[in-house]
file run32.tsv (TSV, C-alpha atoms and all ligand atoms)
chain	number	residue	atom	x	y	z
A	1	MET	CA	-10.36	-11.37	-2.76
A	2	LEU	CA	-10.65	-7.57	-2.81
A	3	LYS	CA	-13.38	-5.99	-4.86
A	4	LEU	CA	-14.41	-2.36	-4.96
A	5	GLU	CA	-17.65	-1.80	-6.84
A	6	ARG	CA	-18.56	1.69	-8.00
A	7	VAL	CA	-17.30	3.30	-4.82
A	8	ASP	CA	-18.01	6.96	-4.11
A	9	ALA	CA	-15.81	7.96	-1.18
A	10	TYR	CA	-15.85	11.19	0.82
A	11	TYR	CA	-13.83	12.98	3.48
A	12	GLY	CA	-16.72	14.51	5.42
A	13	PRO	CA	-18.65	16.48	2.80
A	14	ILE	CA	-15.82	16.41	0.24
A	15	PRO	CA	-16.22	13.88	-2.59
A	16	VAL	CA	-12.96	12.30	-3.76
A	17	LEU	CA	-13.59	8.91	-5.40
A	18	ARG	CA	-16.27	8.52	-8.07
A	19	GLN	CA	-17.65	5.19	-9.24
A	20	LEU	CA	-14.33	3.52	-8.53
A	21	SER	CA	-14.18	-0.21	-9.25
A	22	LEU	CA	-11.16	-2.45	-8.92
A	23	ARG	CA	-10.16	-5.99	-8.01
A	24	VAL	CA	-7.15	-7.71	-6.49
A	25	ARG	CA	-6.80	-11.49	-6.57
A	26	PRO	CA	-4.63	-13.65	-4.28
A	27	GLY	CA	-1.00	-13.70	-5.43
A	28	GLU	CA	-1.58	-10.74	-7.72
A	29	ILE	CA	0.29	-7.42	-7.63
A	30	VAL	CA	-2.00	-4.67	-8.81
A	31	GLY	CA	-0.70	-1.17	-9.47
A	32	LEU	CA	-2.68	2.00	-8.95
A	33	LEU	CA	-0.92	4.69	-10.91
A	34	GLY	CA	-1.71	8.37	-10.86
A	35	ARG	CA	-0.33	11.84	-10.26
A	36	ASN	CA	-0.36	13.70	-6.94
A	37	GLY	CA	-3.81	14.29	-5.53
A	38	MET	CA	-5.63	11.91	-7.89
A	39	GLY	CA	-6.96	9.61	-5.15
A	40	LYS	CA	-4.46	6.77	-4.67
A	41	THR	CA	-4.18	7.13	-0.89
A	42	THR	CA	-7.94	7.68	-0.66
A	43	THR	CA	-8.51	4.39	-2.50
A	44	LEU	CA	-6.38	2.48	0.02
A	45	LYS	CA	-8.08	4.28	2.91
A	46	SER	CA	-11.46	3.37	1.47
A	47	VAL	CA	-10.55	-0.32	1.67
A	48	LEU	CA	-9.64	0.26	5.33
A	49	GLN	CA	-12.93	2.14	5.90
A	50	LEU	CA	-11.01	5.29	6.83
A	51	THR	CA	-13.15	7.36	4.45
A	52	THR	CA	-16.92	7.56	4.16
A	53	VAL	CA	-18.10	5.24	1.40
A	54	ARG	CA	-21.47	6.72	0.47
A	55	ARG	CA	-22.24	4.64	-2.59
A	56	GLY	CA	-20.90	1.36	-3.90
A	57	ARG	CA	-19.50	-1.63	-2.01
A	58	VAL	CA	-16.17	-2.89	-0.69
A	59	HIS	CA	-15.84	-6.69	-0.54
A	60	PHE	CA	-12.94	-8.57	0.99
A	61	GLY	CA	-12.58	-12.33	1.30
A	62	GLY	CA	-16.21	-12.86	0.36
A	63	ARG	CA	-17.54	-10.38	2.94
A	64	ASP	CA	-19.11	-7.02	2.39
A	65	ILE	CA	-17.03	-4.76	4.67
A	66	THR	CA	-18.55	-1.47	3.54
A	67	GLY	CA	-19.11	0.71	6.57
A	68	TRP	CA	-17.32	-1.59	9.00
A	69	PRO	CA	-15.59	0.17	11.89
A	70	ALA	CA	-12.04	0.82	10.69
A	71	GLN	CA	-10.44	-0.89	13.68
A	72	ARG	CA	-11.99	-4.25	12.66
A	73	VAL	CA	-10.57	-4.25	9.13
A	74	PRO	CA	-6.86	-5.07	9.73
A	75	GLY	CA	-7.95	-8.15	11.68
A	76	LEU	CA	-9.21	-9.64	8.41
A	77	GLY	CA	-5.58	-9.97	7.32
A	78	ILE	CA	-5.05	-6.62	5.63
A	79	GLY	CA	-1.60	-5.06	6.05
A	80	TYR	CA	-1.16	-1.35	5.38
A	81	LEU	CA	1.99	0.59	4.62
A	82	PRO	CA	0.95	4.22	4.94
A	83	GLN	CA	2.55	6.84	2.74
A	84	GLY	CA	5.64	8.55	4.16
A	85	ARG	CA	7.33	6.19	6.61
A	86	ARG	CA	5.01	6.14	9.52
A	87	VAL	CA	6.80	4.76	12.54
A	88	PHE	CA	6.29	5.66	16.16
A	89	PRO	CA	9.46	7.73	16.70
A	90	GLN	CA	9.62	7.45	20.48
A	91	MET	CA	9.25	3.67	20.46
A	92	SER	CA	12.04	1.19	19.78
A	93	VAL	CA	12.29	-0.68	16.51
A	94	ARG	CA	11.16	-3.84	18.29
A	95	GLU	CA	8.11	-2.11	19.77
A	96	ASN	CA	7.25	-0.72	16.36
A	97	LEU	CA	7.34	-4.20	14.87
A	98	LEU	CA	5.29	-5.87	17.56
A	99	ILE	CA	2.70	-3.18	18.28
A	100	ALA	CA	-0.14	-4.56	16.16
A	101	PRO	CA	-2.41	-7.05	17.96
A	102	ALA	CA	-1.76	-9.51	15.13
A	103	THR	CA	2.03	-9.37	15.53
A	104	ARG	CA	2.28	-9.26	19.31
A	105	GLY	CA	2.49	-13.03	19.57
A	106	ARG	CA	5.15	-13.55	16.90
A	107	SER	CA	8.03	-15.75	18.02
A	108	PRO	CA	11.63	-14.51	18.15
A	109	ASP	CA	12.41	-16.93	15.31
A	110	GLU	CA	9.82	-15.39	13.06
A	111	LEU	CA	11.03	-11.92	13.92
A	112	ARG	CA	14.56	-13.01	13.01
A	113	LEU	CA	13.35	-14.46	9.70
A	114	VAL	CA	11.64	-11.22	8.71
A	115	LEU	CA	14.58	-9.08	9.83
A	116	ALA	CA	16.93	-11.18	7.69
A	117	ARG	CA	15.52	-9.24	4.70
A	118	PHE	CA	16.54	-5.95	6.27
A	119	PRO	CA	20.26	-6.08	7.06
A	120	GLN	CA	20.26	-2.37	7.90
A	121	LEU	CA	18.09	-3.08	10.97
A	122	GLU	CA	20.44	-5.70	12.35
A	123	GLY	CA	21.43	-5.00	15.93
A	124	ARG	CA	19.07	-2.03	16.13
A	125	LEU	CA	15.96	-3.55	17.69
A	126	GLN	CA	16.40	-1.50	20.86
A	127	GLN	CA	17.10	1.78	19.06
A	128	ARG	CA	14.42	4.49	19.05
A	129	ALA	CA	12.79	4.38	15.61
A	130	GLY	CA	12.86	8.19	15.34
A	131	THR	CA	16.65	8.13	15.31
A	132	LEU	CA	16.80	5.92	12.18
A	133	SER	CA	17.30	7.41	8.71
A	134	GLY	CA	14.23	7.87	6.50
A	135	GLY	CA	15.11	4.80	4.45
A	136	GLU	CA	15.63	2.70	7.58
A	137	GLN	CA	12.28	3.84	8.96
A	138	GLN	CA	10.63	2.71	5.74
A	139	MET	CA	12.24	-0.72	6.22
A	140	VAL	CA	10.75	-0.91	9.74
A	141	ALA	CA	7.31	-0.06	8.36
A	142	LEU	CA	7.69	-2.70	5.65
A	143	ALA	CA	8.97	-5.32	8.09
A	144	ARG	CA	5.85	-4.67	10.17
A	145	VAL	CA	3.66	-5.48	7.16
A	146	LEU	CA	5.59	-8.72	6.48
A	147	LEU	CA	5.31	-9.77	10.09
A	148	LEU	CA	1.52	-9.55	9.82
A	149	ARG	CA	1.57	-12.29	7.15
A	150	PRO	CA	-1.20	-10.39	5.37
A	151	ARG	CA	-3.66	-11.88	2.90
A	152	LEU	CA	-3.77	-8.46	1.30
A	153	ALA	CA	-1.12	-5.74	1.49
A	154	LEU	CA	-2.00	-2.11	0.75
A	155	LEU	CA	1.27	-0.34	-0.02
A	156	ASP	CA	1.22	3.43	-0.47
A	157	GLU	CA	4.21	4.60	-2.53
A	158	PRO	CA	6.64	2.30	-0.70
A	159	THR	CA	9.68	3.43	-2.72
A	160	GLU	CA	9.00	7.17	-2.50
A	161	GLY	CA	12.22	9.05	-1.79
A	162	LEU	CA	14.40	5.95	-1.43
A	163	MET	CA	17.83	5.58	-3.01
A	164	PRO	CA	18.09	3.00	-5.83
A	165	GLY	CA	19.58	0.22	-3.69
A	166	LEU	CA	16.68	0.42	-1.25
A	167	VAL	CA	14.14	0.55	-4.09
A	168	THR	CA	15.44	-2.82	-5.29
A	169	GLN	CA	15.20	-4.20	-1.77
A	170	VAL	CA	11.59	-3.01	-1.41
A	171	GLU	CA	10.67	-4.51	-4.80
A	172	GLN	CA	12.11	-7.84	-3.65
A	173	VAL	CA	10.00	-7.79	-0.49
A	174	ILE	CA	6.87	-7.06	-2.54
A	175	ARG	CA	7.65	-10.07	-4.76
A	176	GLU	CA	7.94	-12.19	-1.61
A	177	LEU	CA	4.46	-11.11	-0.53
A	178	LYS	CA	3.15	-12.30	-3.89
A	179	THR	CA	5.04	-15.59	-3.63
A	180	ALA	CA	3.47	-16.13	-0.22
A	181	GLY	CA	0.08	-15.83	-1.92
A	182	ALA	CA	-0.88	-12.36	-0.72
A	183	GLY	CA	-2.67	-9.91	-2.95
A	184	VAL	CA	-0.89	-6.56	-3.22
A	185	LEU	CA	-2.44	-3.21	-4.08
A	186	LEU	CA	0.42	-0.86	-4.83
A	187	ALA	CA	-0.15	2.89	-5.11
A	188	GLU	CA	2.74	4.26	-7.16
A	189	GLN	CA	4.10	7.08	-9.25
A	190	ARG	CA	7.31	5.31	-10.22
A	191	VAL	CA	6.90	3.81	-13.70
A	192	ALA	CA	9.92	1.50	-13.41
A	193	THR	CA	8.58	-0.06	-10.19
A	194	ILE	CA	5.13	-0.54	-11.71
A	195	LEU	CA	6.58	-2.23	-14.79
A	196	ALA	CA	8.95	-4.38	-12.75
A	197	LEU	CA	6.31	-5.69	-10.35
A	198	CYS	CA	2.71	-5.46	-11.45
A	199	ASP	CA	0.50	-8.09	-13.02
A	200	ARG	CA	-2.25	-5.56	-13.68
A	201	ILE	CA	-2.46	-1.79	-13.60
A	202	TYR	CA	-5.23	0.71	-13.01
A	203	LEU	CA	-4.80	4.32	-14.06
A	204	ILE	CA	-6.48	6.79	-11.72
A	205	GLU	CA	-7.31	10.40	-12.46
A	206	LYS	CA	-9.41	12.78	-10.38
A	207	GLY	CA	-10.85	9.95	-8.31
A	208	ARG	CA	-11.90	7.83	-11.28
A	209	ILE	CA	-10.36	4.79	-12.92
A	210	VAL	CA	-9.58	5.88	-16.47
A	211	GLY	CA	-7.75	2.77	-17.65
A	212	GLU	CA	-7.13	-0.86	-16.75
A	213	SER	CA	-4.69	-3.24	-18.35
A	214	LEU	CA	-2.49	-6.27	-17.95
A	215	ALA	CA	0.99	-4.95	-17.23
A	216	GLY	CA	2.50	-6.32	-20.46
A	217	GLN	CA	-0.03	-4.41	-22.55
A	218	LEU	CA	0.80	-0.89	-21.41
A	219	SER	CA	3.82	0.84	-22.85
A	220	GLU	CA	6.20	2.80	-20.69
A	221	ASN	CA	5.32	5.87	-22.74
A	222	LYS	CA	1.62	5.53	-22.03
A	223	LEU	CA	2.31	5.25	-18.31
A	224	ARG	CA	4.63	8.26	-18.42
A	225	ARG	CA	2.03	10.33	-20.25
A	226	HIS	CA	-0.57	9.39	-17.65
A	227	LEU	CA	1.77	10.79	-15.00
A	228	GLY	CA	2.26	13.97	-17.00
A	229	LEU	CA	5.90	13.14	-17.63
A	230	GLY	CA	5.73	13.46	-21.40
A	231	GLY	CA	6.84	10.51	-23.45
A	232	SER	CA	6.80	10.09	-27.19
A	301	LIG	N1	-8.34	14.27	4.91
A	301	LIG	C1	-8.74	14.88	3.78
A	301	LIG	N2	-9.76	15.76	3.81
A	301	LIG	C2	-10.18	16.37	2.67
A	301	LIG	N3	-9.65	16.14	1.45
A	301	LIG	C3	-8.64	15.28	1.37
A	301	LIG	C4	-8.11	14.61	2.52
A	301	LIG	N4	-7.09	13.82	2.14
A	301	LIG	C5	-6.97	13.99	0.79
A	301	LIG	N5	-7.91	14.88	0.32
A	301	LIG	C6	-8.10	15.28	-1.07
A	301	LIG	O1	-8.45	14.14	-1.83
A	301	LIG	C7	-7.84	14.17	-3.11
A	301	LIG	C8	-7.05	12.88	-3.33
A	301	LIG	O2	-5.98	12.82	-2.40
A	301	LIG	P1	-5.08	11.54	-2.20
A	301	LIG	O3	-4.26	11.78	-1.00
A	301	LIG	O4	-5.92	10.33	-2.23
A	301	LIG	O5	-4.18	11.58	-3.52
A	301	LIG	P2	-2.90	10.72	-3.92
A	301	LIG	O6	-3.17	10.20	-5.29
A	301	LIG	O7	-2.59	9.75	-2.86
A	301	LIG	O8	-1.77	11.85	-4.02
A	301	LIG	P3	-0.18	11.77	-3.65
A	301	LIG	O9	0.48	11.12	-4.82
A	301	LIG	O10	0.21	13.21	-3.53
A	301	LIG	O11	-0.03	11.01	-2.39
A	301	LIG	C9	-6.98	15.43	-3.15
A	301	LIG	O12	-7.72	16.43	-3.83
A	301	LIG	C10	-6.82	15.78	-1.70
A	301	LIG	O13	-6.69	17.16	-1.53
A	302	MG	MG	-1.03	9.50	-1.65
call {"tool": "encode", "arguments": {"input": "run32.tsv", "output": "C-alpha cells"}}
result
Amino acid sequence: MLKLERVDAYYGPIPVLRQLSLRVRPGEIVGLLGRNGMGKTTTLKSVLQLTTVRRGRVHFGGRDITGWPAQRVPGLGIGYLPQGRRVFPQMSVRENLLIAPATRGRSPDELRLVLARFPQLEGRLQQRAGTLSGGEQQMVALARVLLLRPRLALLDEPTEGLMPGLVTQVEQVIRELKTAGAGVLLAEQRVATILALCDRIYLIEKGRIVGESLAGQLSENKLRRHLGLGGS
C-alpha cells in the first residue's frame, strides 16, 4: 500500500534522505528505528509530501503521489501523529478531534466509541486542550488519528515521554489500528515498543536504511546497539 523507492528528500537545499526504500502493507506494523536526527520524522514527512523529494518515488494505494500538494495527501486516508503532542491549545478537545475535514462529519456515537479507549478524556470534551497534561494531549492527538479511520497511520514516536501505563494504552491503540486493517509506520526509539508491536523493522542511520528484518529475527541487543545504547 505504501512504497518508497530510492527516495532522496531535501529541506530546501539540505539533503536528508538518501536512496531510502521501504514498504508498508495493509494490516502491517512497520517500525522505523534510529537515533535522534537520523531521519525518522523526515521519512514520515516525505510520505506526506512535506519535504522536497528530488529523486525516487512515493506510491500509496497504487498511485504515484510524488510531488503532490501536501494538503491533498491526508485525503487519501493517511493519518499522521506528529512528534511531540501537537494539539491546538486554544481549542477545546472536541474541536481538536473534529477539525480535520475527514472527521468533521463523524457522528456522536462514533466519537463516543473512540473516546471509550481514552478514559482520561471522559467529561473533558469542552476543556481547552492546552490545559491538559502532556500525556492527555497525546491521547487527544491519537484519538484524532483513530477518528480518521486511516488506511495508513504515520506515528512519530507516539510513546515519547509517556509514563508506563500510558505507553501500554498507546500500544493497545496501535494494535487496534492493525486489527482494523490499517498499515502503520511507526517511528520509534523505544526498543520494547518496537519488539512488542512490529511485524517488520527498518533501521535508519544518517538518512539511509541500513537494515531490514522481520521483527522476530532481530535481537534486542542488535536493536539497542543500533540506538547506541550498548548491549552485549
Ligand atoms: N526543517 C528542517 N530544515 C533543515 N534540516 C532539517 C529540518 N528538519 C530536520 N532537519 C535535519 O534533518 C535530519 C533528520 O532529522 P529528523 O527530524 O528527520 O530526525 P529524527 O530521526 O526524527 O530525529 P528525532 O529522533 O530527534 O526526532 C537532521 O540532521 C535534522 O537536523
Ligand atoms: Mg523525529
call {"tool": "residues_near_ligand", "arguments": {"input": "run32.tsv", "ligand": "ligand LIG 301 (chain A)", "cutoff": "6 Å", "atoms": "only C-alpha atoms and all ligand atoms", "output": "PyMOL selection string"}}
result
chain A and resi 11+16+35-42
call {"tool": "atom_distance", "arguments": {"input": "run32.tsv", "atom1": "atom CA of A:Thr103", "atom2": "atom CA of A:Arg23"}}
result
26.7 Å
call {"tool": "residues_near_ligand", "arguments": {"input": "run32.tsv", "ligand": "ligand MG 302 (chain A)", "cutoff": "12 Å", "atoms": "all atoms listed in the file", "output": "PyMOL selection string"}}
result
chain A and resi 32-45+81-84+154-158+160+186-189+204+207
call {"tool": "closest_residue", "arguments": {"input": "run32.tsv", "among": "A:Glu5, A:Asp199, A:Glu28, A:Glu110", "to": "A:Thr66", "atoms": "all atoms listed in the file"}}
result
A:Glu5
call {"tool": "atom_distance", "arguments": {"input": "run32.tsv", "atom1": "atom CA of A:Ala129", "atom2": "atom CA of A:Glu95"}}
result
9.0 Å
call {"tool": "atom_distance", "arguments": {"input": "run32.tsv", "atom1": "atom CA of A:Glu171", "atom2": "atom CA of A:Leu214"}}
result
18.7 Å
call {"tool": "residues_around", "arguments": {"input": "run32.tsv", "residues": "A:Gln172", "least_positions_apart": "2", "cutoff": "12 Å", "atoms": "only C-alpha atoms", "output": "MDAnalysis selection string"}}
result
chainID A and resid 117:118 142 158:159 165:170 174:179 193 196:197
call {"tool": "closest_residue", "arguments": {"input": "run32.tsv", "among": "A:Pro74, A:Gly228, A:Gly130, A:Gly79", "to": "A:Val191", "atoms": "only C-alpha atoms"}}
result
A:Gly228
call {"tool": "closest_residue", "arguments": {"input": "run32.tsv", "among": "A:Arg94, A:Leu20, A:Pro119, A:Glu220", "to": "A:Arg106", "atoms": "all atoms listed in the file"}}
result
A:Arg94
call {"tool": "residues_around", "arguments": {"input": "run32.tsv", "residues": "A:Leu185", "least_positions_apart": "4", "cutoff": "7 Å", "atoms": "only C-alpha atoms", "output": "PyMOL selection string"}}
result
chain A and resi 24+29-31+153-155
call {"tool": "closest_residue", "arguments": {"input": "run32.tsv", "among": "A:Glu122, A:Ile14, A:Pro164, A:Leu4", "to": "A:Ile65", "atoms": "only C-alpha atoms"}}
result
A:Leu4
call {"tool": "decode", "arguments": {"input": "run32.tsv", "residues": "stretch 99-118 of chain A", "atoms": "N, CA and C atoms", "output": "PDB file, in the first residue's frame"}}
result
ATOM      1  N   ILE A  99     -11.491  18.666  13.848  1.00  0.00           N
ATOM      2  CA  ILE A  99     -11.036  19.758  12.973  1.00  0.00           C
ATOM      3  C   ILE A  99     -10.740  19.294  11.546  1.00  0.00           C
ATOM      4  N   ALA A 100     -10.295  18.039  11.393  1.00  0.00           N
ATOM      5  CA  ALA A 100      -9.904  17.599  10.047  1.00  0.00           C
ATOM      6  C   ALA A 100     -11.145  17.453   9.173  1.00  0.00           C
ATOM      7  N   PRO A 101     -11.045  17.828   7.898  1.00  0.00           N
ATOM      8  CA  PRO A 101     -12.207  17.685   7.014  1.00  0.00           C
ATOM      9  C   PRO A 101     -12.790  16.278   7.068  1.00  0.00           C
ATOM     10  N   ALA A 102     -11.914  15.273   7.195  1.00  0.00           N
ATOM     11  CA  ALA A 102     -12.377  13.883   7.171  1.00  0.00           C
ATOM     12  C   ALA A 102     -13.116  13.479   8.444  1.00  0.00           C
ATOM     13  N   THR A 103     -12.914  14.221   9.544  1.00  0.00           N
ATOM     14  CA  THR A 103     -13.573  13.830  10.795  1.00  0.00           C
ATOM     15  C   THR A 103     -14.767  14.714  11.123  1.00  0.00           C
ATOM     16  N   ARG A 104     -14.927  15.791  10.383  1.00  0.00           N
ATOM     17  CA  ARG A 104     -15.962  16.772  10.723  1.00  0.00           C
ATOM     18  C   ARG A 104     -17.355  16.147  10.783  1.00  0.00           C
ATOM     19  N   GLY A 105     -17.573  15.168   9.883  1.00  0.00           N
ATOM     20  CA  GLY A 105     -18.907  14.575   9.815  1.00  0.00           C
ATOM     21  C   GLY A 105     -19.126  13.373  10.729  1.00  0.00           C
ATOM     22  N   ARG A 106     -18.175  13.077  11.600  1.00  0.00           N
ATOM     23  CA  ARG A 106     -18.326  11.886  12.438  1.00  0.00           C
ATOM     24  C   ARG A 106     -19.489  12.044  13.412  1.00  0.00           C
ATOM     25  N   SER A 107     -20.235  10.957  13.602  1.00  0.00           N
ATOM     26  CA  SER A 107     -21.420  11.008  14.455  1.00  0.00           C
ATOM     27  C   SER A 107     -21.002  11.005  15.920  1.00  0.00           C
ATOM     28  N   PRO A 108     -21.893  11.504  16.792  1.00  0.00           N
ATOM     29  CA  PRO A 108     -21.601  11.468  18.229  1.00  0.00           C
ATOM     30  C   PRO A 108     -21.320  10.049  18.711  1.00  0.00           C
ATOM     31  N   ASP A 109     -22.000   9.054  18.124  1.00  0.00           N
ATOM     32  CA  ASP A 109     -21.768   7.664  18.525  1.00  0.00           C
ATOM     33  C   ASP A 109     -20.338   7.235  18.238  1.00  0.00           C
ATOM     34  N   GLU A 110     -19.862   7.616  17.062  1.00  0.00           N
ATOM     35  CA  GLU A 110     -18.513   7.211  16.700  1.00  0.00           C
ATOM     36  C   GLU A 110     -17.485   7.912  17.586  1.00  0.00           C
ATOM     37  N   LEU A 111     -17.752   9.168  17.881  1.00  0.00           N
ATOM     38  CA  LEU A 111     -16.878   9.914  18.778  1.00  0.00           C
ATOM     39  C   LEU A 111     -16.831   9.215  20.139  1.00  0.00           C
ATOM     40  N   ARG A 112     -17.993   8.793  20.612  1.00  0.00           N
ATOM     41  CA  ARG A 112     -18.068   8.107  21.911  1.00  0.00           C
ATOM     42  C   ARG A 112     -17.277   6.802  21.884  1.00  0.00           C
ATOM     43  N   LEU A 113     -17.392   6.075  20.773  1.00  0.00           N
ATOM     44  CA  LEU A 113     -16.688   4.799  20.626  1.00  0.00           C
ATOM     45  C   LEU A 113     -15.171   4.991  20.700  1.00  0.00           C
ATOM     46  N   VAL A 114     -14.682   6.015  20.003  1.00  0.00           N
ATOM     47  CA  VAL A 114     -13.242   6.276  20.022  1.00  0.00           C
ATOM     48  C   VAL A 114     -12.815   6.726  21.420  1.00  0.00           C
ATOM     49  N   LEU A 115     -13.612   7.592  22.024  1.00  0.00           N
ATOM     50  CA  LEU A 115     -13.225   8.133  23.335  1.00  0.00           C
ATOM     51  C   LEU A 115     -13.251   7.062  24.425  1.00  0.00           C
ATOM     52  N   ALA A 116     -13.985   5.964  24.176  1.00  0.00           N
ATOM     53  CA  ALA A 116     -14.031   4.884  25.167  1.00  0.00           C
ATOM     54  C   ALA A 116     -12.636   4.309  25.418  1.00  0.00           C
ATOM     55  N   ARG A 117     -11.721   4.446  24.437  1.00  0.00           N
ATOM     56  CA  ARG A 117     -10.342   3.974  24.641  1.00  0.00           C
ATOM     57  C   ARG A 117      -9.521   4.929  25.489  1.00  0.00           C
ATOM     58  N   PHE A 118     -10.036   6.107  25.726  1.00  0.00           N
ATOM     59  CA  PHE A 118      -9.246   7.127  26.420  1.00  0.00           C
ATOM     60  C   PHE A 118     -10.009   7.650  27.632  1.00  0.00           C
TER      61      PHE A 118
END
